[in-house]
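Undergrad: mmCIF, C-alpha atoms, saved as run.cif, coming up:
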data_protein
loop_
_atom_site.label_atom_id
_atom_site.label_comp_id
_atom_site.auth_asym_id
_atom_site.auth_seq_id
_atom_site.Cartn_x
_atom_site.Cartn_y
_atom_site.Cartn_z
CA ALA A 288 0.00 0.00 0.00
CA GLN A 289 1.18 3.51 -0.75
CA SER A 290 1.65 5.71 2.26
CA VAL A 291 3.37 8.71 3.79
CA ALA A 292 4.61 8.85 7.37
CA GLN A 293 5.40 11.87 9.49
CA PRO A 294 6.81 10.27 12.63
CA GLU A 295 6.66 13.36 14.83
CA ASP A 296 3.35 14.87 15.89
CA GLN A 297 5.15 17.97 17.11
CA VAL A 298 8.56 19.53 16.68
CA ASN A 299 9.79 22.22 19.05
CA VAL A 300 12.67 24.49 18.13
CA ALA A 301 14.06 27.77 19.37
CA GLU A 302 13.97 30.78 17.08
CA GLY A 303 17.19 31.07 15.09
CA ASN A 304 17.98 27.36 15.32
CA PRO A 305 17.78 25.03 12.35
CA LEU A 306 14.64 22.96 12.00
CA THR A 307 13.84 19.60 10.43
CA VAL A 308 10.41 18.08 9.89
CA LYS A 309 10.63 14.45 8.90
CA CYS A 310 8.77 12.58 6.18
CA THR A 311 9.16 9.08 4.80
CA TYR A 312 7.15 7.46 2.05
CA SER A 313 6.28 4.08 0.65
CA VAL A 314 5.41 4.26 -3.04
CA SER A 315 6.15 2.01 -5.96
CA GLY A 316 8.35 3.66 -8.54
CA ASN A 317 9.64 7.21 -8.45
CA PRO A 318 7.28 9.41 -6.47
CA TYR A 319 6.39 13.06 -6.72
CA LEU A 320 6.74 14.61 -3.26
CA PHE A 321 5.26 17.77 -1.81
CA TRP A 322 5.29 19.86 1.36
CA TYR A 323 2.38 22.05 2.40
CA VAL A 324 1.97 24.37 5.38
CA GLN A 325 -1.29 25.21 7.13
CA TYR A 326 -1.76 28.16 9.45
CA PRO A 327 -4.69 28.17 11.92
CA ASN A 328 -8.09 28.37 10.24
CA ARG A 329 -6.54 28.57 6.79
CA GLY A 330 -6.19 26.31 3.80
CA LEU A 331 -2.99 24.54 2.89
CA GLN A 332 -0.23 26.49 1.17
CA PHE A 333 2.22 24.85 -1.20
CA LEU A 334 5.86 25.09 -0.07
CA LEU A 335 7.85 22.95 -2.49
CA LYS A 336 7.91 19.78 -4.53
CA TYR A 337 10.32 17.18 -5.83
CA ILE A 338 9.68 15.77 -9.28
CA THR A 339 13.08 14.80 -10.61
CA GLY A 340 16.63 16.10 -10.79
CA ASP A 341 18.53 17.72 -7.95
CA ASN A 342 17.80 16.02 -4.65
CA LEU A 343 17.81 19.33 -2.78
CA VAL A 344 14.70 21.35 -3.52
CA LYS A 345 14.28 24.96 -2.48
CA GLY A 346 10.89 26.42 -1.79
CA SER A 347 8.99 29.32 -0.29
CA TYR A 348 9.87 31.22 2.90
CA GLY A 349 13.44 29.85 3.00
CA PHE A 350 12.40 26.21 3.30
CA GLU A 351 14.14 23.38 1.50
CA ALA A 352 13.79 19.63 1.39
CA GLU A 353 16.13 16.80 0.54
CA PHE A 354 14.97 13.79 -1.39
CA ASN A 355 16.77 10.61 -0.34
CA LYS A 356 15.79 7.66 -2.47
CA SER A 357 17.70 5.02 -0.51
CA GLN A 358 16.06 6.10 2.75
CA THR A 359 12.71 6.90 1.07
CA SER A 360 12.69 10.23 2.87
CA PHE A 361 11.85 13.82 2.04
CA HIS A 362 12.66 15.86 5.15
CA LEU A 363 11.78 19.54 5.29
CA LYS A 364 14.49 21.87 6.57
CA LYS A 365 15.18 25.49 7.29
CA PRO A 366 18.55 26.88 8.46
CA SER A 367 17.10 29.42 10.90
CA ALA A 368 13.58 29.10 12.31
CA LEU A 369 11.25 32.05 12.82
CA VAL A 370 8.37 32.30 15.28
CA SER A 371 6.14 32.93 12.26
CA ASP A 372 7.05 29.45 10.94
CA SER A 373 4.91 27.95 13.69
CA ALA A 374 2.20 26.02 11.84
CA LEU A 375 1.04 22.57 10.79
CA TYR A 376 3.15 20.94 8.07
CA PHE A 377 1.97 18.19 5.76
CA CYS A 378 4.08 15.96 3.56
CA ALA A 379 2.29 14.47 0.57
CA VAL A 380 3.08 12.08 -2.24
CA ARG A 381 1.62 11.70 -5.69
CA PRO A 382 2.22 8.17 -6.95
CA PRO A 383 3.99 8.15 -10.32
CA TYR A 384 1.16 6.27 -11.99
CA GLY A 385 -1.61 8.31 -10.46
CA GLY A 386 -2.96 9.62 -13.73
CA ALA A 387 -3.58 13.23 -14.64
CA THR A 388 -5.60 14.24 -11.60
CA ASN A 389 -2.66 14.81 -9.22
CA LYS A 390 -4.39 13.07 -6.31
CA LEU A 391 -2.25 13.23 -3.20
CA ILE A 392 -1.62 10.94 -0.26
CA PHE A 393 -1.08 13.11 2.82
CA GLY A 394 0.91 12.40 5.94
CA THR A 395 -0.68 12.95 9.33
CA GLY A 396 0.92 16.33 9.80
CA THR A 397 3.57 17.73 12.13
CA LEU A 398 2.94 20.74 14.31
CA LEU A 399 5.98 22.99 14.35
CA ALA A 400 6.32 25.24 17.39
CA VAL A 401 9.06 27.84 17.32
CA GLN A 402 9.79 29.44 20.68
CA PRO A 403 11.05 33.04 20.83
CA ASP B 214 -4.47 37.59 -8.25
CA ALA B 215 -5.57 34.17 -9.38
CA MET B 216 -6.97 32.27 -6.49
CA VAL B 217 -9.37 29.77 -4.94
CA ILE B 218 -12.28 31.33 -3.07
CA GLN B 219 -14.59 29.61 -0.61
CA ASN B 220 -17.83 30.99 0.72
CA PRO B 221 -18.86 31.28 3.40
CA ARG B 222 -15.79 31.03 5.63
CA TYR B 223 -17.95 29.95 8.55
CA GLN B 224 -21.25 28.14 8.26
CA VAL B 225 -23.58 27.06 11.03
CA THR B 226 -26.36 24.63 10.21
CA GLN B 227 -28.82 22.58 12.18
CA PHE B 228 -28.74 18.84 12.48
CA GLY B 229 -30.43 17.38 9.39
CA LYS B 230 -30.79 20.71 7.56
CA PRO B 231 -29.24 20.65 4.06
CA VAL B 232 -26.30 22.94 3.52
CA THR B 233 -24.28 23.96 0.48
CA LEU B 234 -20.70 25.14 0.47
CA SER B 235 -19.28 26.90 -2.55
CA CYS B 236 -15.89 27.16 -4.20
CA SER B 237 -14.77 29.25 -7.13
CA GLN B 238 -11.43 29.59 -8.87
CA THR B 239 -9.82 32.03 -11.24
CA LEU B 240 -6.93 29.71 -12.12
CA ASN B 241 -8.79 27.98 -14.96
CA HIS B 242 -7.72 24.62 -13.57
CA ASN B 243 -9.53 21.58 -14.90
CA VAL B 244 -9.37 19.56 -11.67
CA MET B 245 -11.24 20.53 -8.50
CA TYR B 246 -11.25 18.68 -5.19
CA TRP B 247 -13.25 18.71 -1.98
CA TYR B 248 -11.58 17.66 1.24
CA GLN B 249 -12.85 17.25 4.78
CA GLN B 250 -10.44 18.09 7.58
CA LYS B 251 -11.05 17.49 11.27
CA SER B 252 -9.05 18.88 14.20
CA SER B 253 -5.61 19.30 12.60
CA GLN B 254 -5.76 15.89 10.96
CA ALA B 255 -4.72 15.28 7.38
CA PRO B 256 -7.26 16.40 4.79
CA LYS B 257 -9.50 13.56 3.66
CA LEU B 258 -10.44 13.58 -0.01
CA LEU B 259 -14.19 13.33 -0.54
CA PHE B 260 -14.33 13.58 -4.34
CA HIS B 261 -12.90 15.40 -7.28
CA TYR B 262 -13.80 16.54 -10.76
CA TYR B 263 -11.56 16.11 -13.77
CA ASP B 264 -13.23 18.55 -16.12
CA LYS B 265 -16.86 17.44 -15.88
CA ASP B 266 -16.05 13.89 -14.83
CA PHE B 267 -17.02 13.26 -11.22
CA ASN B 268 -14.89 10.87 -9.15
CA ASN B 269 -16.16 9.80 -5.76
CA GLU B 270 -13.86 8.29 -3.15
CA ALA B 271 -14.99 4.83 -2.09
CA ASP B 272 -15.53 5.78 1.55
CA THR B 273 -17.34 9.09 1.00
CA PRO B 274 -20.82 8.86 2.54
CA ASP B 275 -23.84 9.24 0.26
CA ASN B 276 -24.80 12.22 2.38
CA PHE B 277 -22.15 14.22 0.52
CA GLN B 278 -22.83 15.31 -3.04
CA SER B 279 -21.16 17.73 -5.42
CA ARG B 280 -21.94 19.80 -8.46
CA ARG B 281 -19.68 21.52 -10.94
CA PRO B 282 -21.77 23.66 -13.27
CA ASN B 283 -18.75 25.13 -15.06
CA THR B 284 -14.95 25.26 -14.87
CA SER B 285 -14.91 28.00 -12.26
CA PHE B 286 -17.42 26.80 -9.70
CA CYS B 287 -17.87 23.71 -7.58
CA PHE B 288 -20.38 23.06 -4.80
CA LEU B 289 -20.45 20.66 -1.88
CA ASP B 290 -23.93 19.65 -0.76
CA ILE B 291 -24.48 17.92 2.56
CA ARG B 292 -27.99 16.55 2.41
CA SER B 293 -28.56 15.80 6.09
CA PRO B 294 -25.70 17.03 8.23
CA GLY B 295 -24.92 15.10 11.35
CA LEU B 296 -22.85 16.20 14.32
CA GLY B 297 -19.98 14.15 12.93
CA ASP B 298 -19.90 16.29 9.79
CA ALA B 299 -18.68 19.32 11.68
CA ALA B 300 -15.28 20.01 10.16
CA MET B 301 -13.26 22.29 7.95
CA TYR B 302 -14.06 21.76 4.28
CA LEU B 303 -11.30 22.58 1.85
CA CYS B 304 -11.58 23.13 -1.86
CA ALA B 305 -8.48 22.75 -4.03
CA THR B 306 -7.65 22.94 -7.71
CA THR B 307 -4.87 21.78 -9.96
CA LYS B 308 -3.88 21.68 -13.58
CA GLY B 309 -4.43 18.08 -14.51
CA THR B 310 -2.20 16.92 -17.35
CA SER B 311 -0.95 13.43 -18.00
CA GLY B 312 2.62 12.77 -16.92
CA SER B 313 2.98 15.90 -14.81
CA ALA B 314 2.74 16.60 -11.10
CA HIS B 315 1.35 20.03 -10.55
CA GLU B 316 0.73 21.23 -7.02
CA GLN B 317 -2.74 21.75 -5.66
CA TYR B 318 -3.97 25.22 -4.77
CA PHE B 319 -6.20 25.38 -1.73
CA GLY B 320 -8.90 27.79 -0.73
CA PRO B 321 -9.09 29.17 2.82
CA GLY B 322 -11.71 26.62 3.81
CA THR B 323 -15.22 26.73 5.23
CA ARG B 324 -15.62 25.76 8.86
CA LEU B 325 -18.92 23.99 9.31
CA THR B 326 -20.63 23.81 12.68
CA VAL B 327 -23.64 21.54 13.17
CA THR B 328 -25.94 22.36 16.08
#
Just give me the structure of the file as structure tokens.

TA:
Amino acid sequence: AQSVAQPEDQVNVAEGNPLTVKCTYSVSGNPYLFWYVQYPNRGLQFLLKYITGDNLVKGSYGFEAEFNKSQTSFHLKKPSALVSDSALYFCAVRPPYGGATNKLIFGTGTLLAVQP
Amino acid sequence: DAMVIQNPRYQVTQFGKPVTLSCSQTLNHNVMYWYQQKSSQAPKLLFHYYDKDFNNEADTPDNFQSRRPNTSFCFLDIRSPGLGDAAMYLCATTKGTSGSAHEQYFGPGTRLTVT
């Protein structure tokens, strides 16, 4: 079965420190991987995606993610966290043979809390 | 700016009283989705349209219906809301083309309360 796992329900980090939000996937073939962020009472906002090519993907608001095929991971990172980064983060995968509709499989979400 | 709009942002309905949530988009995307999201859980896909083709998820209750009268608009109808249907409902769109992986664009959501 195809799935996405976010092993941490919550990540706490001090402002100015680097942050990592973990994501692993289980998909047949080469997946398309996404990160979204959700602020309270808002919809999801696209941060970045990996389709092919360079394993390090840069996205919005200074975030980046590294695709690691051997570890089937796509961890989200930022060198220096801001209090305003505090939000709910979702990893998602689109199976490579998912057709043209871009249906996503979402992880369970990780709440990032950045302390001042 | 091109965007996905959901109205209303907050909706209160009574148990068993039909309610309709609306979504519109200016992105001219051919795929539109409706998701249900409860208490910071992952969004759960209810159904989606690829152009005019309706695709229901296997576990979506019959109580949930949808209409897409044109490219820009999509509606979610809940025929007899129960207390368990209280949730955030998210609309999203994407450009659906074979062999590509475009991101989905989400609206701000409608928070439904059932009294």

Undergrad: Starting from chain A, keep only residues with some atom at most 9 Å from an atom of chain B, counting only C-alpha atoms, and report them as JSON, numbers by chain.

TA: {"A": [319, 321, 327, 328, 329, 330, 331, 332, 333, 335, 336, 338, 375, 377, 381, 383, 384, 385, 386, 387, 388, 389, 390, 391, 393, 394, 395, 396, 398]}

Undergrad: Work out how far CA of Leu363 (chain A) is from CA of Pro305 (chain A), in Å to one decimal.

TA: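 CA of Leu363 (chain A) lies 10.8 Å from CA of Pro305 (chain A).
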
Undergrad: Can you work out the spacing between CA of Tyr348 (chain A) and CA of Val370 (chain A) in Å, to one decimal?

TA: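 So the two atoms, CA of Tyr348 (chain A) and CA of Val370 (chain A), lie 12.5 Å apart.
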
Undergrad: Determine the nearest neighbour of Val380 (chain A) from the options A:Val344, A:Ala352, A:Leu399, A:Ile392, counting only C-alpha atoms.

TA: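 Closest to Val380 (chain A), using only C-alpha atoms: A:Ile392.
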
Undergrad: Give me the result of the PyMOL selection byres ((chain A and resi 316) around 9) on this file, residue by residue, as a list in words.

TA: Val314, Ser315, Asn317, Pro318, Pro382, Pro383 and Tyr384 of chain A

Undergrad: Kindly give the distance, in Å, that separates CA of Gly340 (chain A) and CA of Phe361 (chain A), rounded to a single decimal.

TA: 13.9 Å

Undergrad: Please evaluate the PyMOL selection byres ((chain A and resi 292) around 8) against the displayed coordinates and give the resulting residues as JSON, numbers by chain.

TA: {"A": [290, 291, 293, 294, 310, 311, 312, 394, 395]}

Undergrad: Show me the residues around (-22.4, 9.5, -1.4) - criterion: an atom at most 12 Å away, only C-alpha atoms counted - as an MDAnalysis selection string.

TA: chainID B and resid 259:260 267:279 289:293

Undergrad: Around all of region 267-274 of chain B's listed atoms, make the axis-aligned box with 4 Å on each side and tell me centre and edge lengths in Å to one decimal, as lines of an AutoDock Vina configuration file.

TA:
center_x = -17.3
center_y = 9.0
center_z = -4.3
size_x = 15.0
size_y = 16.4
size_z = 21.8

Undergrad: For the structure just given, write the atoms of region 299-313 of chain B, namely all heavy atoms, as an mmCIF file, in the first residue's frame.

TA:
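Output file out-v4.cif is given in full below:
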data_model
loop_
_atom_site.group_PDB
_atom_site.id
_atom_site.type_symbol
_atom_site.label_atom_id
_atom_site.label_comp_id
_atom_site.auth_asym_id
_atom_site.auth_seq_id
_atom_site.Cartn_x
_atom_site.Cartn_y
_atom_site.Cartn_z
ATOM 1 N N ALA B 299 -19.319 18.055 11.319
ATOM 2 C CA ALA B 299 -18.683 19.319 11.679
ATOM 3 C C ALA B 299 -17.181 19.201 11.407
ATOM 4 O O ALA B 299 -16.511 18.284 11.893
ATOM 5 C CB ALA B 299 -18.924 19.633 13.141
ATOM 6 N N ALA B 300 -16.678 20.106 10.600
ATOM 7 C CA ALA B 300 -15.282 20.008 10.162
ATOM 8 C C ALA B 300 -14.939 21.243 9.347
ATOM 9 O O ALA B 300 -15.782 22.089 9.075
ATOM 10 C CB ALA B 300 -15.071 18.764 9.298
ATOM 11 N N MET B 301 -13.681 21.315 8.940
ATOM 12 C CA MET B 301 -13.256 22.292 7.951
ATOM 13 C C MET B 301 -13.351 21.619 6.587
ATOM 14 O O MET B 301 -12.896 20.485 6.425
ATOM 15 C CB MET B 301 -11.809 22.733 8.213
ATOM 16 C CG MET B 301 -11.244 23.654 7.144
ATOM 17 S SD MET B 301 -11.856 25.329 7.290
ATOM 18 C CE MET B 301 -10.589 26.016 8.364
ATOM 19 N N TYR B 302 -13.962 22.291 5.638
ATOM 20 C CA TYR B 302 -14.060 21.758 4.284
ATOM 21 C C TYR B 302 -13.188 22.608 3.360
ATOM 22 O O TYR B 302 -13.343 23.827 3.279
ATOM 23 C CB TYR B 302 -15.514 21.725 3.828
ATOM 24 C CG TYR B 302 -16.285 20.664 4.571
ATOM 25 C CD1 TYR B 302 -16.894 20.940 5.796
ATOM 26 C CD2 TYR B 302 -16.340 19.361 4.091
ATOM 27 C CE1 TYR B 302 -17.544 19.963 6.517
ATOM 28 C CE2 TYR B 302 -16.997 18.362 4.797
ATOM 29 C CZ TYR B 302 -17.600 18.669 6.011
ATOM 30 O OH TYR B 302 -18.230 17.681 6.717
ATOM 31 N N LEU B 303 -12.283 21.905 2.696
ATOM 32 C CA LEU B 303 -11.304 22.583 1.851
ATOM 33 C C LEU B 303 -11.548 22.260 0.389
ATOM 34 O O LEU B 303 -11.748 21.096 0.031
ATOM 35 C CB LEU B 303 -9.885 22.132 2.220
ATOM 36 C CG LEU B 303 -9.421 22.446 3.636
ATOM 37 C CD1 LEU B 303 -8.135 21.695 3.946
ATOM 38 C CD2 LEU B 303 -9.196 23.934 3.808
ATOM 39 N N CYS B 304 -11.510 23.291 -0.413
ATOM 40 C CA CYS B 304 -11.575 23.130 -1.862
ATOM 41 C C CYS B 304 -10.166 23.339 -2.407
ATOM 42 O O CYS B 304 -9.400 24.173 -1.896
ATOM 43 C CB CYS B 304 -12.531 24.162 -2.439
ATOM 44 S SG CYS B 304 -12.616 24.223 -4.242
ATOM 45 N N ALA B 305 -9.801 22.587 -3.417
ATOM 46 C CA ALA B 305 -8.483 22.748 -4.031
ATOM 47 C C ALA B 305 -8.606 22.545 -5.530
ATOM 48 O O ALA B 305 -9.544 21.905 -6.011
ATOM 49 C CB ALA B 305 -7.479 21.763 -3.440
ATOM 50 N N THR B 306 -7.653 23.094 -6.257
ATOM 51 C CA THR B 306 -7.648 22.943 -7.711
ATOM 52 C C THR B 306 -6.241 22.598 -8.177
ATOM 53 O O THR B 306 -5.250 22.832 -7.467
ATOM 54 C CB THR B 306 -8.084 24.237 -8.424
ATOM 55 O OG1 THR B 306 -7.025 25.212 -8.343
ATOM 56 C CG2 THR B 306 -9.339 24.831 -7.818
ATOM 57 N N THR B 307 -6.164 22.033 -9.359
ATOM 58 C CA THR B 307 -4.867 21.779 -9.965
ATOM 59 C C THR B 307 -5.020 21.705 -11.473
ATOM 60 O O THR B 307 -6.125 21.508 -11.983
ATOM 61 C CB THR B 307 -4.222 20.485 -9.432
ATOM 62 O OG1 THR B 307 -2.833 20.456 -9.767
ATOM 63 C CG2 THR B 307 -4.889 19.257 -10.035
ATOM 64 N N LYS B 308 -3.908 21.876 -12.143
ATOM 65 C CA LYS B 308 -3.883 21.681 -13.585
ATOM 66 C C LYS B 308 -3.612 20.209 -13.808
ATOM 67 O O LYS B 308 -2.524 19.702 -13.480
ATOM 68 C CB LYS B 308 -2.769 22.518 -14.203
ATOM 69 C CG LYS B 308 -2.690 22.420 -15.714
ATOM 70 C CD LYS B 308 -1.448 23.083 -16.256
ATOM 71 C CE LYS B 308 -1.413 24.562 -15.990
ATOM 72 N NZ LYS B 308 -0.220 25.194 -16.609
ATOM 73 N N GLY B 309 -4.568 19.506 -14.312
ATOM 74 C CA GLY B 309 -4.426 18.080 -14.509
ATOM 75 C C GLY B 309 -3.972 17.772 -15.915
ATOM 76 O O GLY B 309 -4.721 17.957 -16.872
ATOM 77 N N THR B 310 -2.724 17.335 -16.039
ATOM 78 C CA THR B 310 -2.202 16.922 -17.345
ATOM 79 C C THR B 310 -1.442 15.624 -17.172
ATOM 80 O O THR B 310 -0.739 15.443 -16.171
ATOM 81 C CB THR B 310 -1.269 17.984 -17.945
ATOM 82 O OG1 THR B 310 -0.218 18.261 -17.013
ATOM 83 C CG2 THR B 310 -2.022 19.263 -18.243
ATOM 84 N N SER B 311 -1.566 14.745 -18.107
ATOM 85 C CA SER B 311 -0.950 13.430 -18.004
ATOM 86 C C SER B 311 0.567 13.543 -17.947
ATOM 87 O O SER B 311 1.171 14.302 -18.690
ATOM 88 C CB SER B 311 -1.370 12.580 -19.195
ATOM 89 O OG SER B 311 -0.807 11.284 -19.102
ATOM 90 N N GLY B 312 1.162 12.812 -17.016
ATOM 91 C CA GLY B 312 2.616 12.771 -16.918
ATOM 92 C C GLY B 312 3.228 13.891 -16.121
ATOM 93 O O GLY B 312 4.444 13.940 -15.970
ATOM 94 N N SER B 313 2.428 14.793 -15.586
ATOM 95 C CA SER B 313 2.983 15.903 -14.808
ATOM 96 C C SER B 313 2.550 15.786 -13.364
ATOM 97 O O SER B 313 1.730 14.951 -13.010
ATOM 98 C CB SER B 313 2.519 17.238 -15.383
ATOM 99 O OG SER B 313 1.135 17.379 -15.181
#
